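Here is the file coords.cif (mmCIF, C-alpha atoms and all ligand atoms).
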data_input
loop_
_atom_site.group_PDB
_atom_site.id
_atom_site.type_symbol
_atom_site.label_atom_id
_atom_site.label_comp_id
_atom_site.auth_asym_id
_atom_site.auth_seq_id
_atom_site.Cartn_x
_atom_site.Cartn_y
_atom_site.Cartn_z
ATOM 1 C CA MET A 1 21.296 -0.760 2.143
ATOM 2 C CA ALA A 2 18.667 -2.419 -0.061
ATOM 3 C CA ARG A 3 18.537 -5.754 1.715
ATOM 4 C CA ILE A 4 15.907 -7.349 3.898
ATOM 5 C CA VAL A 5 16.880 -6.596 7.464
ATOM 6 C CA GLY A 6 13.930 -7.230 9.744
ATOM 7 C CA MET A 7 12.200 -10.408 10.793
ATOM 8 C CA ARG A 8 8.948 -9.611 12.463
ATOM 9 C CA LEU A 9 6.935 -12.638 11.462
ATOM 10 C CA ASP A 10 6.978 -14.069 14.937
ATOM 11 C CA ALA A 11 3.387 -13.315 15.949
ATOM 12 C CA PRO A 12 2.103 -16.289 17.974
ATOM 13 C CA THR A 13 -0.407 -17.469 15.355
ATOM 14 C CA PRO A 14 -0.757 -15.563 12.090
ATOM 15 C CA SER A 15 -4.428 -14.850 11.369
ATOM 16 C CA ASP A 16 -6.116 -16.530 8.381
ATOM 17 C CA ARG A 17 -5.999 -13.164 6.638
ATOM 18 C CA THR A 18 -2.223 -12.846 7.132
ATOM 19 C CA THR A 19 -1.611 -16.372 5.851
ATOM 20 C CA HIS A 20 -3.815 -15.636 2.841
ATOM 21 C CA VAL A 21 -1.919 -12.397 2.053
ATOM 22 C CA ARG A 22 1.456 -14.151 2.058
ATOM 23 C CA ARG A 23 0.146 -16.916 -0.197
ATOM 24 C CA LEU A 24 -1.569 -14.450 -2.549
ATOM 25 C CA PHE A 25 1.479 -12.278 -3.182
ATOM 26 C CA ALA A 26 4.218 -14.920 -3.113
ATOM 27 C CA GLY A 27 3.998 -15.671 -6.858
ATOM 28 C CA LEU A 28 3.806 -12.107 -8.172
ATOM 29 C CA PRO A 29 6.986 -10.070 -7.726
ATOM 30 C CA SER A 30 8.646 -10.671 -11.113
ATOM 31 C CA THR A 31 5.597 -9.385 -13.023
ATOM 32 C CA TYR A 32 3.968 -7.176 -10.379
ATOM 33 C CA ASP A 33 5.037 -3.707 -11.541
ATOM 34 C CA ARG A 34 4.139 -4.233 -15.221
ATOM 35 C CA MET A 35 0.896 -6.085 -14.504
ATOM 36 C CA GLY A 36 -0.314 -3.456 -12.040
ATOM 37 C CA ALA A 37 0.086 -0.783 -14.700
ATOM 38 C CA ALA A 38 -1.458 -2.909 -17.467
ATOM 39 C CA LEU A 39 -4.492 -4.084 -15.484
ATOM 40 C CA SER A 40 -5.300 -0.528 -14.402
ATOM 41 C CA PHE A 41 -4.899 0.783 -17.992
ATOM 42 C CA GLY A 42 -1.904 2.880 -16.921
ATOM 43 C CA GLN A 43 -3.765 4.568 -14.032
ATOM 44 C CA ASP A 44 -1.978 2.880 -11.141
ATOM 45 C CA PRO A 45 1.434 4.568 -11.718
ATOM 46 C CA ARG A 46 -0.404 7.911 -12.047
ATOM 47 C CA TRP A 47 -2.245 7.335 -8.737
ATOM 48 C CA ARG A 48 1.026 6.366 -7.064
ATOM 49 C CA ARG A 49 2.722 9.578 -8.232
ATOM 50 C CA ALA A 50 -0.266 11.642 -6.998
ATOM 51 C CA MET A 51 0.025 9.985 -3.589
ATOM 52 C CA VAL A 52 3.785 10.553 -3.328
ATOM 53 C CA ALA A 53 3.214 14.234 -4.213
ATOM 54 C CA LYS A 54 1.331 14.537 -0.898
ATOM 55 C CA VAL A 55 4.358 13.395 1.127
ATOM 56 C CA ASP A 56 5.735 16.438 2.856
ATOM 57 C CA VAL A 57 9.326 15.628 3.828
ATOM 58 C CA GLU A 58 12.692 17.313 3.420
ATOM 59 C CA ALA A 59 15.717 15.763 1.689
ATOM 60 C CA GLY A 60 17.479 13.600 4.266
ATOM 61 C CA GLY A 61 14.227 12.912 6.168
ATOM 62 C CA LEU A 62 13.112 9.392 7.069
ATOM 63 C CA VAL A 63 9.966 7.893 5.510
ATOM 64 C CA LEU A 64 8.253 4.563 6.249
ATOM 65 C CA ASP A 65 6.450 2.895 3.335
ATOM 66 C CA VAL A 66 4.146 0.170 4.694
ATOM 67 C CA ALA A 67 3.032 -2.681 2.399
ATOM 68 C CA THR A 68 5.873 -1.598 0.160
ATOM 69 C CA GLY A 69 5.664 -4.751 -1.981
ATOM 70 C CA THR A 70 8.323 -4.415 -4.678
ATOM 71 C CA GLY A 71 9.146 -0.901 -3.472
ATOM 72 C CA MET A 72 7.581 1.176 -6.256
ATOM 73 C CA VAL A 73 6.343 3.851 -3.836
ATOM 74 C CA ALA A 74 9.604 3.753 -1.871
ATOM 75 C CA ARG A 75 11.641 4.475 -5.007
ATOM 76 C CA GLU A 76 9.248 7.233 -6.089
ATOM 77 C CA VAL A 77 9.575 8.866 -2.635
ATOM 78 C CA VAL A 78 13.384 8.786 -2.859
ATOM 79 C CA ARG A 79 13.395 10.233 -6.364
ATOM 80 C CA ARG A 80 10.918 12.963 -5.554
ATOM 81 C CA THR A 81 12.055 14.049 -2.099
ATOM 82 C CA GLY A 82 15.639 12.876 -1.504
ATOM 83 C CA ALA A 83 14.496 11.222 1.739
ATOM 84 C CA THR A 84 15.707 7.856 3.009
ATOM 85 C CA VAL A 85 12.985 5.192 3.038
ATOM 86 C CA VAL A 86 12.262 2.077 5.057
ATOM 87 C CA GLY A 87 9.985 -0.238 3.055
ATOM 88 C CA LEU A 88 8.103 -2.784 5.176
ATOM 89 C CA ASP A 89 6.059 -5.725 3.907
ATOM 90 C CA LEU A 90 4.617 -9.014 5.113
ATOM 91 C CA THR A 91 5.614 -11.031 2.028
ATOM 92 C CA GLU A 92 9.262 -11.964 1.672
ATOM 93 C CA ASP A 93 9.036 -12.687 -2.078
ATOM 94 C CA MET A 94 7.694 -9.194 -2.774
ATOM 95 C CA LEU A 95 10.557 -7.679 -0.775
ATOM 96 C CA ARG A 96 13.130 -9.769 -2.655
ATOM 97 C CA GLY A 97 11.710 -8.332 -5.887
ATOM 98 C CA GLY A 98 11.980 -4.868 -4.315
ATOM 99 C CA VAL A 99 15.622 -5.384 -3.361
ATOM 100 C CA ALA A 100 16.507 -6.447 -6.924
ATOM 101 C CA GLU A 101 14.632 -3.574 -8.577
ATOM 102 C CA THR A 102 16.024 -1.019 -6.165
ATOM 103 C CA ARG A 103 19.570 -2.208 -6.922
ATOM 104 C CA ALA A 104 18.860 -2.069 -10.645
ATOM 105 C CA ALA A 105 17.606 1.506 -10.217
ATOM 106 C CA GLY A 106 20.831 2.454 -8.399
ATOM 107 C CA LEU A 107 18.903 3.485 -5.271
ATOM 108 C CA ASP A 108 20.056 0.799 -2.876
ATOM 109 C CA ASP A 109 21.867 3.195 -0.556
ATOM 110 C CA THR A 110 18.614 5.025 0.200
ATOM 111 C CA ILE A 111 16.066 2.243 0.809
ATOM 112 C CA ARG A 112 16.075 -0.395 3.542
ATOM 113 C CA PHE A 113 13.586 -3.251 3.337
ATOM 114 C CA VAL A 114 12.078 -4.774 6.462
ATOM 115 C CA LEU A 115 10.020 -7.956 6.661
ATOM 116 C CA GLY A 116 7.207 -7.130 9.051
ATOM 117 C CA ASP A 117 3.531 -6.601 9.751
ATOM 118 C CA GLY A 118 1.925 -3.167 9.385
ATOM 119 C CA GLN A 119 -0.456 -4.093 12.211
ATOM 120 C CA ARG A 120 2.447 -4.361 14.689
ATOM 121 C CA LEU A 121 5.286 -2.146 13.535
ATOM 122 C CA PRO A 122 8.756 -2.930 14.921
ATOM 123 C CA PHE A 123 9.563 0.769 15.473
ATOM 124 C CA ALA A 124 9.448 3.163 18.418
ATOM 125 C CA ASP A 125 6.832 5.934 18.678
ATOM 126 C CA GLU A 126 7.501 9.027 16.531
ATOM 127 C CA THR A 127 10.386 7.523 14.518
ATOM 128 C CA PHE A 128 9.473 8.748 11.015
ATOM 129 C CA ASP A 129 9.081 12.160 9.382
ATOM 130 C CA ALA A 130 6.384 10.787 7.061
ATOM 131 C CA LEU A 131 4.593 7.544 6.236
ATOM 132 C CA THR A 132 3.027 6.110 3.078
ATOM 133 C CA PHE A 133 0.932 2.990 2.555
ATOM 134 C CA THR A 134 -0.603 1.631 -0.613
ATOM 135 C CA TYR A 135 -3.280 -1.068 -0.950
ATOM 136 C CA LEU A 136 -2.923 -2.133 2.698
ATOM 137 C CA LEU A 137 -6.154 -1.666 4.647
ATOM 138 C CA ARG A 138 -8.181 -4.255 2.688
ATOM 139 C CA TYR A 139 -5.704 -6.875 3.915
ATOM 140 C CA VAL A 140 -5.727 -6.212 7.652
ATOM 141 C CA ASP A 141 -7.986 -7.576 10.384
ATOM 142 C CA ASP A 142 -8.654 -4.181 12.004
ATOM 143 C CA PRO A 143 -8.305 -1.114 9.704
ATOM 144 C CA ALA A 144 -8.967 1.424 12.498
ATOM 145 C CA GLY A 145 -6.405 -0.233 14.794
ATOM 146 C CA THR A 146 -3.892 -0.400 11.926
ATOM 147 C CA LEU A 147 -4.322 3.332 11.236
ATOM 148 C CA ARG A 148 -3.608 4.046 14.918
ATOM 149 C CA GLU A 149 -0.499 1.852 14.694
ATOM 150 C CA LEU A 150 0.731 3.673 11.552
ATOM 151 C CA ALA A 151 0.110 7.077 13.141
ATOM 152 C CA ARG A 152 1.985 6.013 16.283
ATOM 153 C CA VAL A 153 5.381 5.875 14.518
ATOM 154 C CA ILE A 154 5.077 9.309 12.813
ATOM 155 C CA LYS A 155 6.556 12.414 14.422
ATOM 156 C CA PRO A 156 4.025 15.145 15.336
ATOM 157 C CA GLY A 157 3.524 17.333 12.254
ATOM 158 C CA GLY A 158 4.634 14.512 9.928
ATOM 159 C CA SER A 159 2.531 13.550 6.924
ATOM 160 C CA MET A 160 0.709 10.313 6.163
ATOM 161 C CA ALA A 161 -0.478 9.444 2.650
ATOM 162 C CA ASN A 162 -2.341 6.474 1.227
ATOM 163 C CA LEU A 163 -3.449 5.093 -2.124
ATOM 164 C CA GLU A 164 -6.304 2.607 -2.406
ATOM 165 C CA PHE A 165 -8.775 1.404 -4.988
ATOM 166 C CA HIS A 166 -12.159 3.072 -4.810
ATOM 167 C CA MET A 167 -15.735 2.514 -6.026
ATOM 168 C CA PRO A 168 -17.109 4.952 -8.644
ATOM 169 C CA GLU A 169 -20.240 6.781 -7.427
ATOM 170 C CA PRO A 170 -22.210 7.258 -10.692
ATOM 171 C CA LYS A 171 -24.268 4.103 -11.273
ATOM 172 C CA PRO A 172 -23.125 3.408 -14.877
ATOM 173 C CA TRP A 173 -19.447 3.704 -13.926
ATOM 174 C CA ARG A 174 -20.002 1.602 -10.833
ATOM 175 C CA ALA A 175 -21.630 -1.134 -12.937
ATOM 176 C CA LEU A 176 -18.755 -1.060 -15.434
ATOM 177 C CA TRP A 177 -16.166 -1.102 -12.634
ATOM 178 C CA ARG A 178 -17.930 -4.051 -11.021
ATOM 179 C CA LEU A 179 -17.974 -5.909 -14.331
ATOM 180 C CA TYR A 180 -14.299 -5.199 -14.962
ATOM 181 C CA THR A 181 -13.105 -6.141 -11.478
ATOM 182 C CA ARG A 182 -15.321 -9.268 -11.228
ATOM 183 C CA VAL A 183 -14.966 -10.592 -14.782
ATOM 184 C CA GLY A 184 -12.219 -8.697 -16.656
ATOM 185 C CA LEU A 185 -9.513 -8.940 -13.995
ATOM 186 C CA PRO A 186 -9.767 -12.705 -13.405
ATOM 187 C CA ALA A 187 -9.926 -13.297 -17.176
ATOM 188 C CA ALA A 188 -6.832 -11.156 -17.810
ATOM 189 C CA GLY A 189 -5.041 -12.763 -14.843
ATOM 190 C CA ARG A 190 -5.772 -16.258 -16.160
ATOM 191 C CA VAL A 191 -3.863 -15.451 -19.349
ATOM 192 C CA VAL A 192 -0.720 -14.568 -17.354
ATOM 193 C CA SER A 193 -0.452 -17.130 -14.556
ATOM 194 C CA ARG A 194 -2.305 -19.044 -11.850
ATOM 195 C CA SER A 195 -1.090 -16.474 -9.266
ATOM 196 C CA TRP A 196 -2.532 -13.563 -11.249
ATOM 197 C CA PHE A 197 -5.805 -15.435 -11.748
ATOM 198 C CA ASP A 198 -6.055 -15.825 -7.958
ATOM 199 C CA VAL A 199 -5.360 -12.112 -7.452
ATOM 200 C CA GLY A 200 -7.822 -11.188 -10.205
ATOM 201 C CA ARG A 201 -10.552 -13.274 -8.550
ATOM 202 C CA PHE A 202 -9.760 -11.840 -5.132
ATOM 203 C CA LEU A 203 -9.630 -8.121 -5.989
ATOM 204 C CA GLY A 204 -13.219 -7.300 -7.069
ATOM 205 C CA PRO A 205 -14.970 -8.689 -3.970
ATOM 206 C CA SER A 206 -12.161 -7.390 -1.737
ATOM 207 C CA ILE A 207 -12.617 -3.810 -3.004
ATOM 208 C CA SER A 208 -16.423 -3.733 -2.827
ATOM 209 C CA ASP A 209 -16.570 -5.515 0.566
ATOM 210 C CA PHE A 210 -14.126 -2.975 1.980
ATOM 211 C CA TYR A 211 -16.269 -0.030 0.807
ATOM 212 C CA ASP A 212 -19.464 -1.679 2.047
ATOM 213 C CA ARG A 213 -17.868 -1.945 5.490
ATOM 214 C CA HIS A 214 -15.917 1.343 5.397
ATOM 215 C CA PRO A 215 -17.323 4.006 3.039
ATOM 216 C CA LEU A 216 -14.920 6.850 2.299
ATOM 217 C CA GLY A 217 -16.466 9.230 4.865
ATOM 218 C CA GLU A 218 -16.037 6.628 7.576
ATOM 219 C CA GLN A 219 -12.420 6.012 6.540
ATOM 220 C CA LEU A 220 -11.663 9.718 6.894
ATOM 221 C CA GLY A 221 -13.188 9.549 10.381
ATOM 222 C CA MET A 222 -10.894 6.623 11.229
ATOM 223 C CA TRP A 223 -7.895 8.703 10.144
ATOM 224 C CA ARG A 224 -8.981 11.563 12.412
ATOM 225 C CA ARG A 225 -9.562 9.230 15.353
ATOM 226 C CA ALA A 226 -6.058 7.812 14.761
ATOM 227 C CA GLY A 227 -4.639 11.285 15.441
ATOM 228 C CA ILE A 228 -4.251 12.539 11.859
ATOM 229 C CA GLY A 229 -5.506 16.059 11.218
ATOM 230 C CA ASP A 230 -6.371 18.051 8.090
ATOM 231 C CA VAL A 231 -7.413 14.806 6.365
ATOM 232 C CA ARG A 232 -8.242 15.105 2.661
ATOM 233 C CA ALA A 233 -9.149 12.757 -0.148
ATOM 234 C CA HIS A 234 -8.720 12.996 -3.914
ATOM 235 C CA VAL A 235 -10.826 10.542 -5.918
ATOM 236 C CA MET A 236 -9.175 9.787 -9.280
ATOM 237 C CA SER A 237 -9.913 8.153 -12.644
ATOM 238 C CA LEU A 238 -13.732 8.373 -12.453
ATOM 239 C CA GLY A 239 -13.637 6.824 -8.984
ATOM 240 C CA GLY A 240 -11.276 3.894 -9.611
ATOM 241 C CA GLY A 241 -8.682 5.094 -7.099
ATOM 242 C CA VAL A 242 -8.435 7.404 -4.113
ATOM 243 C CA VAL A 243 -5.512 9.194 -2.469
ATOM 244 C CA ILE A 244 -5.993 10.128 1.207
ATOM 245 C CA TRP A 245 -3.531 12.250 3.159
ATOM 246 C CA GLY A 246 -3.179 14.259 6.353
ATOM 247 C CA THR A 247 -0.817 15.470 9.057
ATOM 248 C CA LYS A 248 -0.195 13.941 12.453
ATOM 249 C CA ASP A 249 -1.546 16.088 15.249
ATOM 250 C CA GLY A 250 1.131 18.032 17.122
HETATM 251 C C1 LIG B 301 -1.228 -4.883 -3.845
HETATM 252 S S1 LIG B 301 0.328 -5.003 -3.036
HETATM 253 C C2 LIG B 301 0.863 -3.324 -3.037
HETATM 254 C C3 LIG B 301 2.349 -3.179 -3.026
HETATM 255 C C4 LIG B 301 2.843 -1.737 -3.109
HETATM 256 N N1 LIG B 301 2.343 -0.919 -2.037
HETATM 257 C C5 LIG B 301 2.507 -1.113 -4.433
HETATM 258 O O1 LIG B 301 1.809 -0.132 -4.482
HETATM 259 O O2 LIG B 301 2.946 -1.625 -5.447
HETATM 260 C C6 LIG B 301 -0.163 -5.210 -1.356
HETATM 261 C C7 LIG B 301 1.018 -5.507 -0.460
HETATM 262 O O3 LIG B 301 0.560 -5.405 0.880
HETATM 263 C C8 LIG B 301 1.296 -6.328 1.632
HETATM 264 N N2 LIG B 301 0.608 -6.513 2.911
HETATM 265 C C9 LIG B 301 -0.628 -6.983 3.119
HETATM 266 N N3 LIG B 301 -0.923 -6.993 4.427
HETATM 267 C C10 LIG B 301 0.165 -6.485 5.061
HETATM 268 C C11 LIG B 301 0.476 -6.223 6.421
HETATM 269 N N4 LIG B 301 -0.380 -6.509 7.402
HETATM 270 N N5 LIG B 301 1.674 -5.680 6.717
HETATM 271 C C12 LIG B 301 2.565 -5.397 5.739
HETATM 272 N N6 LIG B 301 2.334 -5.641 4.431
HETATM 273 C C13 LIG B 301 1.147 -6.179 4.095
HETATM 274 C C14 LIG B 301 1.363 -7.569 0.730
HETATM 275 O O4 LIG B 301 2.369 -8.452 1.126
HETATM 276 C C15 LIG B 301 1.609 -6.915 -0.626
HETATM 277 O O5 LIG B 301 2.979 -6.804 -0.912
#
What would you get if you wrote out this structure as C-alpha cells?
Amino acid sequence: MARIVGMRLDAPTPSDRTTHVRRLFAGLPSTYDRMGAALSFGQDPRWRRAMVAKVDVEAGGLVLDVATGTGMVAREVVRRTGATVVGLDLTEDMLRGGVAETRAAGLDDTIRFVLGDGQRLPFADETFDALTFTYLLRYVDDPAGTLRELARVIKPGGSMANLEFHMPEPKPWRALWRLYTRVGLPAAGRVVSRSWFDVGRFLGPSISDFYDRHPLGEQLGMWRRAGIGDVRAHVMSLGGGVVIWGTKDG
C-alpha cells in the first residue's frame, strides 16, 4: 500500500507560500529524519511520540496524518495503535522518502501516501477516526481555515493531535532559543547542504512570526472554533515544542 496514490496539486494557481514549501522541502528527504533529531538535540522524536500518545483510535481504525513528510508520525501511529494511516503531503520528494522508509520498516501494507494539500483535503466529511498533523500551520495561508478543513474530515468524537515548535516563555530561555534558531540552525544547516542551510535560515523567523500572529491561547481558540472540544496543550522541553490535542464535537 505504501505508494503515492493521490494527485491533488491541481489548484488553479499555487500561492507563493505553497510554491515556497515545495521548493524548501524538495532537497531534504534522504537526511530529514536524522537531521530533525540532531538539530533538536534529540527532542523532536520525543515530542512526536508524546503527540502520537494523544491519538485515541482503536486497532483497525483509520487515521489521517497531514504534512506527513517522510511518514515518521504515520509509522509511529501504526506501531502504537494498529490503525491504518493515510499520510498526505504537498511535497512529492518527501513522500517518496516516506514510501521507501515505510517499506524498509515493513509497514507498507498499513500506510497509504497521498500527494495533496492540507488546506483542501481530497476526502469526504467525517472519513477518519483520528487526525494528526506536525509542523503544518506555519506553512499555510490561513491557519484558522486549515483547522476547520482538518476537523471537517474527522468523525464526531474522533481525536485530533498536533505537534509544533513553540517559543519559551522565560526571558533567558527565549533569548537562547532565538539565538539558536536564528544563528545556530543556519550554521549547522550550512555544514550539511544548501537545502538544510535554507531550512535553517527559514525556521527561526517562521516560528517567531507564527507566535507573534497566533499566540498559544489564540491557537487553542481557533481549534475550538473549528469544532474541536476539550482542547489541551502540553508545552515541552522548556518551551521548545508544544503538543495540542482535542476531540471533535459530537
Ligand atoms: C517540517 S516537515 C514535517 C514533516 C512531518 N510531519 C514530520 O514531523 O517529520 C513539514 C511538512 O509539511 C508539508 N506541508 C507544508 N504545507 C503543506 C500543506 N499545505 N499541505 C500538506 N503538506 C504541507 C511539507 O511538504 C513538509 O513535508
### Query
Quick one: residues within 9 Å of Arg49 of chain A, only C-alpha atoms counted, chain neighbours fewer than 3 positions away excluded, as a ChimeraX atom specification?
/A:44-46,52-54,73,76-77
### Message
For a quick check of understanding, using only C-alpha atoms and all ligand atoms, which of A:Thr127, A:Thr84, A:Thr134, A:Thr31 has the smallest distance to ligand LIG 301 (chain B)?
### Response
A:Thr134
### Task
Residues within 9 Å of ligand LIG 301 (chain B), counting all atoms listed in the file: report them as an MDAnalysis selection string.
chainID A and resid 17:18 21:26 29 32:33 36 44:45 48 65:74 88:95 115:121 132:141 146 163:164
### Task
Would you mind listing what lies within 12 Å of segment 197-199 of chain A as number ranges by chain, with all atoms listed in the file counted and same-chain residues fewer than 6 positions away left out?
A: 20-28, 32, 35-36, 39, 181-191, 205-207
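In this structure, atom CA of Val231 of chain A sits 23.8 Å away from atom CA of Ala124 of chain A.
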### Message
My list of candidates is A:Gly239, A:Arg79, A:Gly200, A:Ser30. Which is closest to Ala100 of chain A when distances are computed with all atoms listed in the file?
### Response
A:Ser30
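For the residues A:Ser195, A:Thr81, A:Thr110, A:Ser237, ranking by smallest atom-to-atom distance to Glu169 of chain A using all atoms listed in the file places A:Ser237 first.
With all atoms listed in the file as the atoms that count, the minimum distance from Arg152 of chain A to the choices A:Leu62, A:Ala105, A:Gly240, A:Phe128 is reached by A:Phe128.
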#### Entry: Nearest residue to Ala130 of chain A from the set A:Leu176, A:Val63, A:Val85, A:Leu150 (distances using all atoms listed in the file)
A:Val63
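Across the structure, atom CA of Arg225 of chain A and atom CA of Gly157 of chain A are spaced 15.7 Å apart.
Going from atom CA of Trp177 of chain A over to atom CA of Ser40 of chain A, you cover 11.0 Å.
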### Query
Taking into account only C-alpha atoms, which residue in the set A:Arg224, A:Arg194, A:Arg112, A:Arg75 is nearest to Thr247 of chain A?
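Selected residue with least distance to Thr247 of chain A: A:Arg224.
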For segment 186-199 of chain A, which lacks atoms in the input, supply N, CA and C atoms and format the output as an mmCIF file, in the coordinates of the input.
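That gives us selection-v3.cif:
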data_model
loop_
_atom_site.group_PDB
_atom_site.id
_atom_site.type_symbol
_atom_site.label_atom_id
_atom_site.label_comp_id
_atom_site.auth_asym_id
_atom_site.auth_seq_id
_atom_site.Cartn_x
_atom_site.Cartn_y
_atom_site.Cartn_z
ATOM 1 N N PRO A 186 -10.122 -11.279 -13.445
ATOM 2 C CA PRO A 186 -9.767 -12.705 -13.405
ATOM 3 C C PRO A 186 -9.440 -13.256 -14.791
ATOM 4 N N ALA A 187 -10.173 -12.783 -15.817
ATOM 5 C CA ALA A 187 -9.926 -13.297 -17.176
ATOM 6 C C ALA A 187 -8.528 -12.886 -17.642
ATOM 7 N N ALA A 188 -8.164 -11.615 -17.399
ATOM 8 C CA ALA A 188 -6.832 -11.156 -17.810
ATOM 9 C C ALA A 188 -5.755 -11.878 -17.007
ATOM 10 N N GLY A 189 -6.016 -12.072 -15.702
ATOM 11 C CA GLY A 189 -5.041 -12.763 -14.843
ATOM 12 C C GLY A 189 -4.809 -14.184 -15.302
ATOM 13 N N ARG A 190 -5.876 -14.852 -15.740
ATOM 14 C CA ARG A 190 -5.772 -16.258 -16.160
ATOM 15 C C ARG A 190 -4.785 -16.421 -17.315
ATOM 16 N N VAL A 191 -4.753 -15.386 -18.195
ATOM 17 C CA VAL A 191 -3.863 -15.451 -19.349
ATOM 18 C C VAL A 191 -2.391 -15.434 -18.901
ATOM 19 N N VAL A 192 -2.119 -14.757 -17.772
ATOM 20 C CA VAL A 192 -0.720 -14.568 -17.354
ATOM 21 C C VAL A 192 -0.227 -15.737 -16.504
ATOM 22 N N SER A 193 -0.913 -16.046 -15.434
ATOM 23 C CA SER A 193 -0.452 -17.130 -14.556
ATOM 24 C C SER A 193 -1.540 -17.485 -13.549
ATOM 25 N N ARG A 194 -1.372 -18.604 -12.897
ATOM 26 C CA ARG A 194 -2.305 -19.044 -11.850
ATOM 27 C C ARG A 194 -2.348 -18.001 -10.717
ATOM 28 N N SER A 195 -1.146 -17.451 -10.366
ATOM 29 C CA SER A 195 -1.090 -16.474 -9.266
ATOM 30 C C SER A 195 -1.900 -15.229 -9.608
ATOM 31 N N TRP A 196 -1.787 -14.765 -10.871
ATOM 32 C CA TRP A 196 -2.532 -13.563 -11.249
ATOM 33 C C TRP A 196 -4.030 -13.836 -11.371
ATOM 34 N N PHE A 197 -4.383 -15.066 -11.725
ATOM 35 C CA PHE A 197 -5.805 -15.435 -11.748
ATOM 36 C C PHE A 197 -6.367 -15.342 -10.324
ATOM 37 N N ASP A 198 -5.585 -15.868 -9.354
ATOM 38 C CA ASP A 198 -6.055 -15.825 -7.958
ATOM 39 C C ASP A 198 -6.221 -14.377 -7.488
ATOM 40 N N VAL A 199 -5.253 -13.528 -7.844
ATOM 41 C CA VAL A 199 -5.360 -12.112 -7.452
ATOM 42 C C VAL A 199 -6.557 -11.469 -8.151
#
